[in-house]
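Heads up: the structure comes next, in structure tokens.
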Amino acid sequence: MKRRGLALLFLLPVVAATAVAGTITAPWRIRPCLTSYGSGFTGGPTHVELGPDGNLWANEGQNDRIAKFDVRLKRVTAEYSVPKGTQLHDLVPGPDGNLWFSGNSNVLGRLNPHTGQIKLYPGLRGAGNPHLWWAPDGYLYISEVAAGRLARFDPKTGRITDSRYNLPANNGIHSFAEVAGGNTWWGLEYADQLARFNIRTHRFDRFVRLRGGHGPHWLTYVPADHAVWIAFAYSNNLARFDLRTHALTYLATPIPPAAPSLFKGFSLFAYLTHMLPDANGRFLWIATLGGRELLRLDLRTHRLKKVYCGLGAAGVTIVLARDRRGNMWVTEPFDKALGEVHGETDGS
């Protein structure tokens, strides 16, 4: 099963609304709530990461730009252009102090946050929605989703090599969760499996079949829970994978299933895109794209709460990030804004 990854994101300017803040009546009475900050964005932010300078850095995929969002000033203070047609997807800080980005058009690049200099590295093939992992062995690994391969970038030589390793055919390797010890579990989105990549042997040494969900899209490791959580894009449910027992627990969400055919078009619909635990490991936050809300999962009780207070007019959410103070942020691409969550630890 192959799909056009997040194609609808590149139509953001067509329907983008102006970001608004402070439109909620007495928002201090509602917890948790968000405040949207859109000043300085010329495009819709999609993926966002905490940079080495303490600011948030966000891809503007449609505009082929990377924005620097000053968390103190609450505004974008700089934007850096990448080659036209890059179709920016993932963005991560590297051990070298630079920001590394990937694009759906088989692009791997580096941005120096001090000089703004961009450098590209050729070699990706069939990337699809490539995700980036700087591993303990010093290499950068990139998922080539469409081709079902894992690529490896050597920063010493600047070369990319890729391999399907021992993965099944048509697997749709997408996102990952690095766990204690340096190994990673990868979601095989088209094969409904987890696969563990052993950093010492450079092999996938364990596979887990997921029988209670469809389309493992995003994985995140929660150390306080000692578990990997899985968000399924097609069934739109969640799963908890216990790292001690390898037991799987499935949890329904209010988001209805999304047919795989929806991902081939440009319509806006609800599905689970990204997850991130809060700084205290009490809650797991989940973005829902066209769901017009965030979901907050209590990791102790597994109770879900819908959070939509303070979202921009469009209410679309994609990727979450925490700043150095532990505050939670989410990209609101159709509102050209970042949303900051307030009162996220409130148990209501």
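Chain lettering (A, B, ...) mirrors the order of the structure tokens, residue numbering begins at 1 for each chain separately, and ligand numbering begins at 1 in order of display.
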
Non-local contacts of range 124-139 of chain A (7 Å; only C-alpha atoms; under 2 positions in same chain excluded) as a compact mmCIF listing (two decimals) with N, CA and C atoms, in the first residue's frame:
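Okay, this is what ended up in part04.txt:
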```txt
# COMPACT_ATOMS: atom_id res chain seq x y z
N GLY A 5 2.40 11.03 0.79
CA GLY A 5 2.49 11.46 2.18
C GLY A 5 2.14 12.92 2.38
N HIS A 89 9.98 18.28 5.16
CA HIS A 89 9.21 17.37 6.01
C HIS A 89 9.75 17.36 7.43
N ASP A 90 10.85 16.66 7.69
CA ASP A 90 11.34 16.54 9.06
C ASP A 90 12.45 17.58 9.33
N VAL A 92 15.50 18.22 12.58
CA VAL A 92 16.05 17.79 13.87
C VAL A 92 17.37 18.50 14.13
N GLY A 94 21.26 18.47 15.19
CA GLY A 94 22.31 17.47 15.10
C GLY A 94 23.34 17.63 16.20
N SER A 102 14.87 17.26 6.11
CA SER A 102 14.60 16.37 4.98
C SER A 102 13.42 16.90 4.20
N GLY A 103 13.39 16.54 2.91
CA GLY A 103 12.28 16.94 2.06
C GLY A 103 11.71 15.75 1.33
N ASN A 104 10.45 15.82 1.03
CA ASN A 104 9.79 14.72 0.34
C ASN A 104 10.34 14.50 -1.07
N ASN A 106 13.28 13.85 -1.95
CA ASN A 106 14.58 13.17 -1.80
C ASN A 106 15.70 14.14 -1.43
N VAL A 107 15.41 15.03 -0.48
CA VAL A 107 16.37 16.05 -0.07
C VAL A 107 16.81 15.80 1.37
N PRO A 122 23.16 14.91 -1.63
CA PRO A 122 22.39 14.01 -2.51
C PRO A 122 22.48 12.57 -2.05
N TYR A 141 20.39 8.45 10.41
CA TYR A 141 19.56 7.47 9.70
C TYR A 141 18.30 8.17 9.21
N ILE A 142 17.88 7.80 7.99
CA ILE A 142 16.74 8.45 7.34
C ILE A 142 15.80 7.36 6.81
N SER A 143 14.54 7.45 7.17
CA SER A 143 13.57 6.49 6.65
C SER A 143 13.16 6.88 5.24
N GLU A 144 13.30 5.95 4.33
CA GLU A 144 12.83 6.13 2.95
C GLU A 144 11.49 5.39 2.85
N VAL A 145 10.44 6.11 3.17
CA VAL A 145 9.13 5.50 3.37
C VAL A 145 8.62 4.83 2.10
N ALA A 146 8.66 5.56 0.99
CA ALA A 146 8.10 5.03 -0.25
C ALA A 146 8.85 3.79 -0.72
N ALA A 147 10.17 3.78 -0.52
CA ALA A 147 10.98 2.65 -0.98
C ALA A 147 11.09 1.54 0.06
N ARG A 152 21.50 5.69 5.53
CA ARG A 152 22.46 6.12 6.54
C ARG A 152 23.39 7.16 5.95
N PHE A 153 23.49 8.29 6.64
CA PHE A 153 24.35 9.39 6.21
C PHE A 153 25.59 9.43 7.10
N ASP A 154 26.76 9.43 6.47
CA ASP A 154 28.03 9.51 7.18
C ASP A 154 28.49 10.97 7.17
N PRO A 155 28.48 11.66 8.31
CA PRO A 155 28.87 13.07 8.32
C PRO A 155 30.34 13.30 7.99
N ILE A 160 25.52 9.14 1.46
CA ILE A 160 24.34 8.40 1.89
C ILE A 160 24.36 7.03 1.26
N HIS A 174 8.42 4.38 8.69
CA HIS A 174 8.10 5.80 8.81
C HIS A 174 8.80 6.44 10.00
N SER A 175 8.18 6.41 11.18
CA SER A 175 8.77 7.08 12.32
C SER A 175 9.36 6.08 13.30
N GLY A 182 19.93 3.00 23.26
CA GLY A 182 20.27 3.47 21.92
C GLY A 182 19.60 2.77 20.78
```

field: strand (DSSP E) call set, DSSP backbone run, range 39-200 of chain A, as number ranges by chain
entry: A: 48-50, 56-60, 65-70, 75-81, 88-93, 99-103, 107-111, 118-121, 132-134, 140-144, 149-154, 159-163, 173-178, 184-188, 193-198

task: Please give the complete set of residues from range 73-301 of chain A that DSSP, run on the backbone, assigns to helix (DSSP H, G or I), formatted as an MDAnalysis selection string.
output: chainID A and resid 223:225 260:264

Next, write the just-selected residues to a file, as an mmCIF file, in the first residue's frame, keeping C-alpha atoms as the atom set.
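Everything below was put into selection20.cif:
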```
data_model
loop_
_atom_site.group_PDB
_atom_site.id
_atom_site.type_symbol
_atom_site.label_atom_id
_atom_site.label_comp_id
_atom_site.auth_asym_id
_atom_site.auth_seq_id
_atom_site.Cartn_x
_atom_site.Cartn_y
_atom_site.Cartn_z
ATOM 1 C CA PRO A 223 10.516 6.831 29.884
ATOM 2 C CA ALA A 224 8.236 7.361 32.904
ATOM 3 C CA ASP A 225 5.835 4.777 31.469
ATOM 4 C CA PRO A 260 -6.091 4.873 3.203
ATOM 5 C CA SER A 261 -7.470 6.383 -0.002
ATOM 6 C CA LEU A 262 -7.857 9.744 1.775
ATOM 7 C CA PHE A 263 -4.073 10.060 2.016
ATOM 8 C CA LYS A 264 -3.755 10.054 -1.782
#
```

Polymer residues at most 12 Å from Thr301 in chain A, only C-alpha atoms, same-chain spacing of 6 or more positions, as a compact mmCIF listing (two decimals) with C-alpha atoms, in the first residue's frame:
```txt
# COMPACT_ATOMS: atom_id res chain seq x y z
CA ASP A 225 5.84 4.78 31.47
CA LEU A 251 -6.97 2.28 23.22
CA ARG A 282 2.12 12.51 33.17
CA PHE A 283 0.31 13.27 29.92
CA LEU A 284 0.76 12.27 26.31
CA GLY A 347 -5.99 17.22 35.83
```

Distance criterion (only C-alpha atoms): nearest to Gly51 in chain A out of A:Val208, A:Leu243, A:Ala279, A:Leu91: A:Leu91

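Of note, CA of Ile173 in chain A and CA of Ala233 in chain A are spaced 13.3 Å apart.
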